[in-house]
Amino acid sequence: MRDDKRLAGTDGQTEKAGRAAKPDILIMTAVEAERDAVLRGLAGCPRAEVRLAGVGPASAAARTAAALAGGGWRLVISAGIGGGFAGAAGIGDLVLADVIAAADLGVETPDGFLPVDELGFGTSRIAADPDWSARLARRIEAAGLPLRRGPVLTVSTATGTAATAAERARRVPGAAAEAMEGFGVAAAAAAAGVPVAELRAVSNAVGPRDRAAWRIPDALAALESAFAAAKEVFESR
Ligand SMILES: O=C(O)c1cccc(C(=O)CC[C@H]2O[C@@H](n3cnc4c(=O)[nH]cnc43)[C@H](O)[C@@H]2O)c1
């Protein structure tokens with residue numbers, strides 16, 4: 001794949017044998033603008049590799065599984081911009097997932113939505129790794145950045161009405177943010193036995209669609225700052 005950016009192997013970052021040190025932190029972003037913001041924050045951190053997941057959970061799962069196939073990864077992070085739920089996360093805030101929830105994975109019935117968990121078809125929730133998440137949170141907060149913790153929802157259709165926002169917040173108590181890739185990344189990580197985390201920078205409110213109100217540059221700047229803070233965690237062991 002030609003859309004990844006590998007950061008290892010620069011002069012002075014080589015192992016004794018002269019071979020490039022292999023990155024062992026994998027960061028998946030949906031689009032190039034997110035990837036470039038993460039790379040600016042990492043500023044050459046040799047432990048991290050950033051790859052494009054594409055938009056949506058299916059593309060994210062397939063591309064993350066392919067990236068993880070070689071083994072040797074300590075952590076995979078789903079990162080990018082996202083929507084913030086009212087009262088939980090505002091524009092420019094960062095949200096670190098405690099749970100990654102596939103909020104529209106289930107069936108609709110005349111009596112309402114049933115998640116796959118209640119159908120016996122698996123799970124719609126994957127826990128973010130608590131140890132890695134705690135270490136990332138400490139660094140990001142120590143840098144003075146506004147960090148919220150809570151469930152980050154993964155959806156195949158971004159919320160566009162107040163009714164859908166309310167329904168999704170009801171399905172996932174404490175919902176902090178919404179994006180479209182986290183559960184795909186997490187499913188691939190779980191299958192490979194690799195810890196997972198999800199970090200989102202809020203670009204818009206979850207609710208009635210108003211693309212003109214999205215603050216993408218602010219969110220990308222927050223994402224960059226978060227990874228500038230987080231890289232110490234990646235280098236620490
Ligand atoms: O137009 C741009 O310059 C631009 C720059 C960076 C990212 C984008 C995107 O549109 C990224 C799509 C990506 O964003 C996530 N996202 C953001 N807000 C929401 C939301 O309210 N609900 C669901 N997903 C959201 C999502 O993960 C998309 O993959 C554009």
# chains A, B, ... in the order shown; residues from 1 in each chain; ligands from 1
call {"tool": "closest_atom_pairs", "arguments": {"of": "chain A", "to": "ligand 1", "cutoff": "7 Å", "atoms": "only C-alpha atoms and all ligand atoms", "output": "Markdown table"}}
result
| residue | atom | partner | partner_atom_place_in_ligand_line | distance |
| --- | --- | --- | --- | --- |
| A:Ala30 | CA | ligand 1 | 29 (O) | 5.1 |
| A:Val31 | CA | ligand 1 | 7 (C) | 6.0 |
| A:Ala33 | CA | ligand 1 | 6 (C) | 4.8 |
| A:Glu34 | CA | ligand 1 | 6 (C) | 5.5 |
| A:Val55 | CA | ligand 1 | 29 (O) | 4.4 |
| A:Gly56 | CA | ligand 1 | 29 (O) | 5.9 |
| A:Gly80 | CA | ligand 1 | 27 (O) | 6.5 |
| A:Ile81 | CA | ligand 1 | 17 (C) | 5.0 |
| A:Gly82 | CA | ligand 1 | 17 (C) | 3.5 |
| A:Gly83 | CA | ligand 1 | 21 (O) | 3.5 |
| A:Gly84 | CA | ligand 1 | 21 (O) | 6.9 |
| A:Val155 | CA | ligand 1 | 23 (C) | 6.5 |
| A:Ala158 | CA | ligand 1 | 23 (C) | 4.1 |
| A:Thr159 | CA | ligand 1 | 22 (N) | 5.6 |
| A:Glu178 | CA | ligand 1 | 22 (N) | 5.0 |
| A:Ala179 | CA | ligand 1 | 24 (N) | 3.4 |
| A:Met180 | CA | ligand 1 | 27 (O) | 3.9 |
| A:Glu181 | CA | ligand 1 | 27 (O) | 5.5 |
| A:Ser203 | CA | ligand 1 | 18 (N) | 6.1 |
| A:Asn204 | CA | ligand 1 | 18 (N) | 5.9 |
| A:Ala205 | CA | ligand 1 | 21 (O) | 6.3 |
| A:Val206 | CA | ligand 1 | 21 (O) | 4.9 |
| A:Ile216 | CA | ligand 1 | 5 (C) | 5.9 |
call {"tool": "residues_around", "arguments": {"residues": "region 233-235 of chain A", "least_positions_apart": "6", "cutoff": "8 Å", "atoms": "only C-alpha atoms", "output": "VMD selection string"}}
result
chain A and resid 25 45 47 to 48 135 to 136 139
call {"tool": "residues_around", "arguments": {"residues": "Pro173 (chain A)", "least_positions_apart": "2", "cutoff": "12 Å", "atoms": "only C-alpha atoms", "output": "VMD selection string"}}
result
chain A and resid 85 88 99 101 103 150 to 153 166 to 171 175 to 177
call {"tool": "write_last_selection", "arguments": {"atoms": "N, CA and C atoms", "output": "PDB file, in the first residue's frame"}}
result
ATOM      1  N   PHE A  85     -20.782  14.882  21.502  1.00  0.00           N
ATOM      2  CA  PHE A  85     -22.149  14.898  22.027  1.00  0.00           C
ATOM      3  C   PHE A  85     -22.323  16.089  22.971  1.00  0.00           C
ATOM      4  N   ALA A  88     -20.982  16.764  26.593  1.00  0.00           N
ATOM      5  CA  ALA A  88     -19.872  15.839  26.869  1.00  0.00           C
ATOM      6  C   ALA A  88     -18.557  16.316  26.265  1.00  0.00           C
ATOM      7  N   VAL A  99     -14.593   3.035  25.951  1.00  0.00           N
ATOM      8  CA  VAL A  99     -15.248   1.952  25.208  1.00  0.00           C
ATOM      9  C   VAL A  99     -15.442   2.432  23.771  1.00  0.00           C
ATOM     10  N   ALA A 101     -17.790   1.772  20.696  1.00  0.00           N
ATOM     11  CA  ALA A 101     -19.118   1.162  20.575  1.00  0.00           C
ATOM     12  C   ALA A 101     -19.659   1.275  19.155  1.00  0.00           C
ATOM     13  N   ALA A 103     -22.459   1.730  17.319  1.00  0.00           N
ATOM     14  CA  ALA A 103     -23.764   2.205  17.791  1.00  0.00           C
ATOM     15  C   ALA A 103     -24.915   1.843  16.864  1.00  0.00           C
ATOM     16  N   GLY A 150     -14.688   8.810  27.725  1.00  0.00           N
ATOM     17  CA  GLY A 150     -16.033   8.248  27.627  1.00  0.00           C
ATOM     18  C   GLY A 150     -16.152   7.383  26.393  1.00  0.00           C
ATOM     19  N   PRO A 151     -17.328   6.802  26.189  1.00  0.00           N
ATOM     20  CA  PRO A 151     -17.529   5.981  25.000  1.00  0.00           C
ATOM     21  C   PRO A 151     -17.427   6.805  23.726  1.00  0.00           C
ATOM     22  N   VAL A 152     -16.730   6.274  22.739  1.00  0.00           N
ATOM     23  CA  VAL A 152     -16.730   6.855  21.397  1.00  0.00           C
ATOM     24  C   VAL A 152     -17.506   5.895  20.497  1.00  0.00           C
ATOM     25  N   LEU A 153     -18.549   6.433  19.865  1.00  0.00           N
ATOM     26  CA  LEU A 153     -19.406   5.617  19.018  1.00  0.00           C
ATOM     27  C   LEU A 153     -18.812   5.527  17.616  1.00  0.00           C
ATOM     28  N   ALA A 166     -30.101  11.900  19.840  1.00  0.00           N
ATOM     29  CA  ALA A 166     -30.703  11.498  21.122  1.00  0.00           C
ATOM     30  C   ALA A 166     -30.805   9.983  21.217  1.00  0.00           C
ATOM     31  N   GLU A 167     -31.192   9.341  20.112  1.00  0.00           N
ATOM     32  CA  GLU A 167     -31.329   7.879  20.119  1.00  0.00           C
ATOM     33  C   GLU A 167     -29.967   7.203  20.346  1.00  0.00           C
ATOM     34  N   ARG A 168     -28.933   7.721  19.697  1.00  0.00           N
ATOM     35  CA  ARG A 168     -27.604   7.107  19.855  1.00  0.00           C
ATOM     36  C   ARG A 168     -27.046   7.360  21.260  1.00  0.00           C
ATOM     37  N   ALA A 169     -27.318   8.528  21.793  1.00  0.00           N
ATOM     38  CA  ALA A 169     -26.872   8.806  23.166  1.00  0.00           C
ATOM     39  C   ALA A 169     -27.621   7.918  24.162  1.00  0.00           C
ATOM     40  N   ARG A 170     -28.870   7.605  23.855  1.00  0.00           N
ATOM     41  CA  ARG A 170     -29.646   6.710  24.728  1.00  0.00           C
ATOM     42  C   ARG A 170     -29.086   5.279  24.669  1.00  0.00           C
ATOM     43  N   ARG A 171     -28.700   4.864  23.447  1.00  0.00           N
ATOM     44  CA  ARG A 171     -28.178   3.500  23.283  1.00  0.00           C
ATOM     45  C   ARG A 171     -26.850   3.306  24.011  1.00  0.00           C
ATOM     46  N   ALA A 175     -22.206   8.613  26.117  1.00  0.00           N
ATOM     47  CA  ALA A 175     -21.586   8.836  24.798  1.00  0.00           C
ATOM     48  C   ALA A 175     -20.894  10.197  24.754  1.00  0.00           C
ATOM     49  N   ALA A 176     -19.621  10.186  24.381  1.00  0.00           N
ATOM     50  CA  ALA A 176     -18.852  11.435  24.360  1.00  0.00           C
ATOM     51  C   ALA A 176     -18.618  11.931  22.940  1.00  0.00           C
ATOM     52  N   ALA A 177     -18.339  11.009  22.023  1.00  0.00           N
ATOM     53  CA  ALA A 177     -18.024  11.408  20.650  1.00  0.00           C
ATOM     54  C   ALA A 177     -18.481  10.341  19.671  1.00  0.00           C
TER      55      ALA A 177
END
call {"tool": "select_by_dssp", "arguments": {"residues": "chain A", "states": "helix (DSSP H, G or I)", "output": "ChimeraX atom specification"}}
result
/A:32-42,57-68,116-119,130-142,162-171,182-192,211-213,216-235
call {"tool": "select_by_dssp", "arguments": {"residues": "region 11-236 of chain A", "states": "strand (DSSP E)", "output": "MDAnalysis selection string"}}
result
chainID A and resid 25:29 48:52 75:84 94:102 106:109 112:115 125:127 147:154 177:179 196:205
call {"tool": "write_last_selection", "arguments": {"atoms": "C-alpha atoms", "output": "compact mmCIF listing (two decimals), in the first residue's frame"}}
result
# COMPACT_ATOMS: atom_id res chain seq x y z
CA ILE A 25 2.74 1.82 17.50
CA LEU A 26 0.23 1.81 14.63
CA ILE A 27 -2.02 4.85 14.15
CA MET A 28 -4.93 4.63 11.73
CA THR A 29 -6.63 7.78 10.40
CA ALA A 48 5.02 5.26 15.32
CA GLU A 49 3.64 4.48 11.90
CA VAL A 50 0.56 6.25 10.51
CA ARG A 51 -1.64 4.61 7.91
CA LEU A 52 -4.86 5.47 6.18
CA LEU A 75 -0.69 -0.71 20.30
CA VAL A 76 -3.05 0.42 17.56
CA ILE A 77 -4.83 3.77 17.78
CA SER A 78 -7.85 4.91 15.79
CA ALA A 79 -7.37 8.68 15.51
CA GLY A 80 -8.97 11.60 13.76
CA ILE A 81 -11.66 14.19 14.00
CA GLY A 82 -15.14 13.41 15.28
CA GLY A 83 -18.46 14.74 16.42
CA GLY A 84 -18.97 15.65 20.07
CA LEU A 94 -10.08 15.77 22.66
CA VAL A 95 -11.91 12.57 23.47
CA LEU A 96 -10.14 9.39 24.51
CA ALA A 97 -12.39 6.35 24.37
CA ASP A 98 -12.92 4.06 27.33
CA VAL A 99 -15.25 1.95 25.21
CA ILE A 100 -15.47 1.79 21.42
CA ALA A 101 -19.12 1.16 20.58
CA ALA A 102 -20.64 0.13 17.25
CA GLY A 106 -27.99 -4.52 15.28
CA VAL A 107 -31.53 -4.76 14.01
CA GLU A 108 -34.46 -2.40 13.98
CA THR A 109 -37.72 -3.85 15.31
CA GLY A 112 -36.96 -0.26 18.71
CA PHE A 113 -33.31 -1.04 18.06
CA LEU A 114 -31.73 -4.30 19.26
CA PRO A 115 -27.91 -4.42 19.43
CA ARG A 125 -18.55 -2.94 22.41
CA ILE A 126 -14.77 -3.27 22.57
CA ALA A 127 -12.91 -1.86 25.55
CA LEU A 147 -9.41 15.92 27.36
CA ARG A 148 -12.69 14.09 27.92
CA ARG A 149 -13.04 10.38 28.57
CA GLY A 150 -16.03 8.25 27.63
CA PRO A 151 -17.53 5.98 25.00
CA VAL A 152 -16.73 6.85 21.40
CA LEU A 153 -19.41 5.62 19.02
CA THR A 154 -18.64 4.17 15.60
CA ALA A 177 -18.02 11.41 20.65
CA GLU A 178 -18.94 9.84 17.33
CA ALA A 179 -16.80 8.86 14.37
CA VAL A 196 -6.40 -0.63 21.06
CA ALA A 197 -7.15 3.02 21.85
CA GLU A 198 -9.23 5.69 20.13
CA LEU A 199 -8.50 9.41 20.19
CA ARG A 200 -10.75 11.98 18.54
CA ALA A 201 -10.55 15.75 18.23
CA VAL A 202 -14.00 17.29 18.04
CA SER A 203 -14.74 19.20 14.83
CA ASN A 204 -18.52 19.44 15.10
CA ALA A 205 -21.49 18.78 17.32
call {"tool": "atom_distance", "arguments": {"atom1": "CA of Leu220 (chain A)", "atom2": "CA of Pro146 (chain A)"}}
result
14.0 Å
call {"tool": "atom_distance", "arguments": {"atom1": "CA of Ala86 (chain A)", "atom2": "CA of Arg215 (chain A)"}}
result
15.5 Å
call {"tool": "atom_distance", "arguments": {"atom1": "CA of Gly71 (chain A)", "atom2": "CA of Asp131 (chain A)"}}
result
20.4 Å
call {"tool": "closest_residue", "arguments": {"among": "A:Ala69, A:Val38, A:Ile91, A:Ala226", "to": "Ala191 (chain A)", "atoms": "only C-alpha atoms"}}
result
A:Ala69
call {"tool": "closest_residue", "arguments": {"among": "A:Ala192, A:Ser236, A:Ala134, A:Trp214", "to": "Ala66 (chain A)", "atoms": "only C-alpha atoms"}}
result
A:Ala192
call {"tool": "closest_residue", "arguments": {"among": "A:Asp24, A:Thr123, A:Glu232, A:Ala37", "to": "Arg138 (chain A)", "atoms": "only C-alpha atoms"}}
result
A:Glu232
call {"tool": "closest_residue", "arguments": {"among": "A:Lys231, A:Lys22, A:Arg74, A:Arg209", "to": "Gly44 (chain A)", "atoms": "only C-alpha atoms"}}
result
A:Lys231
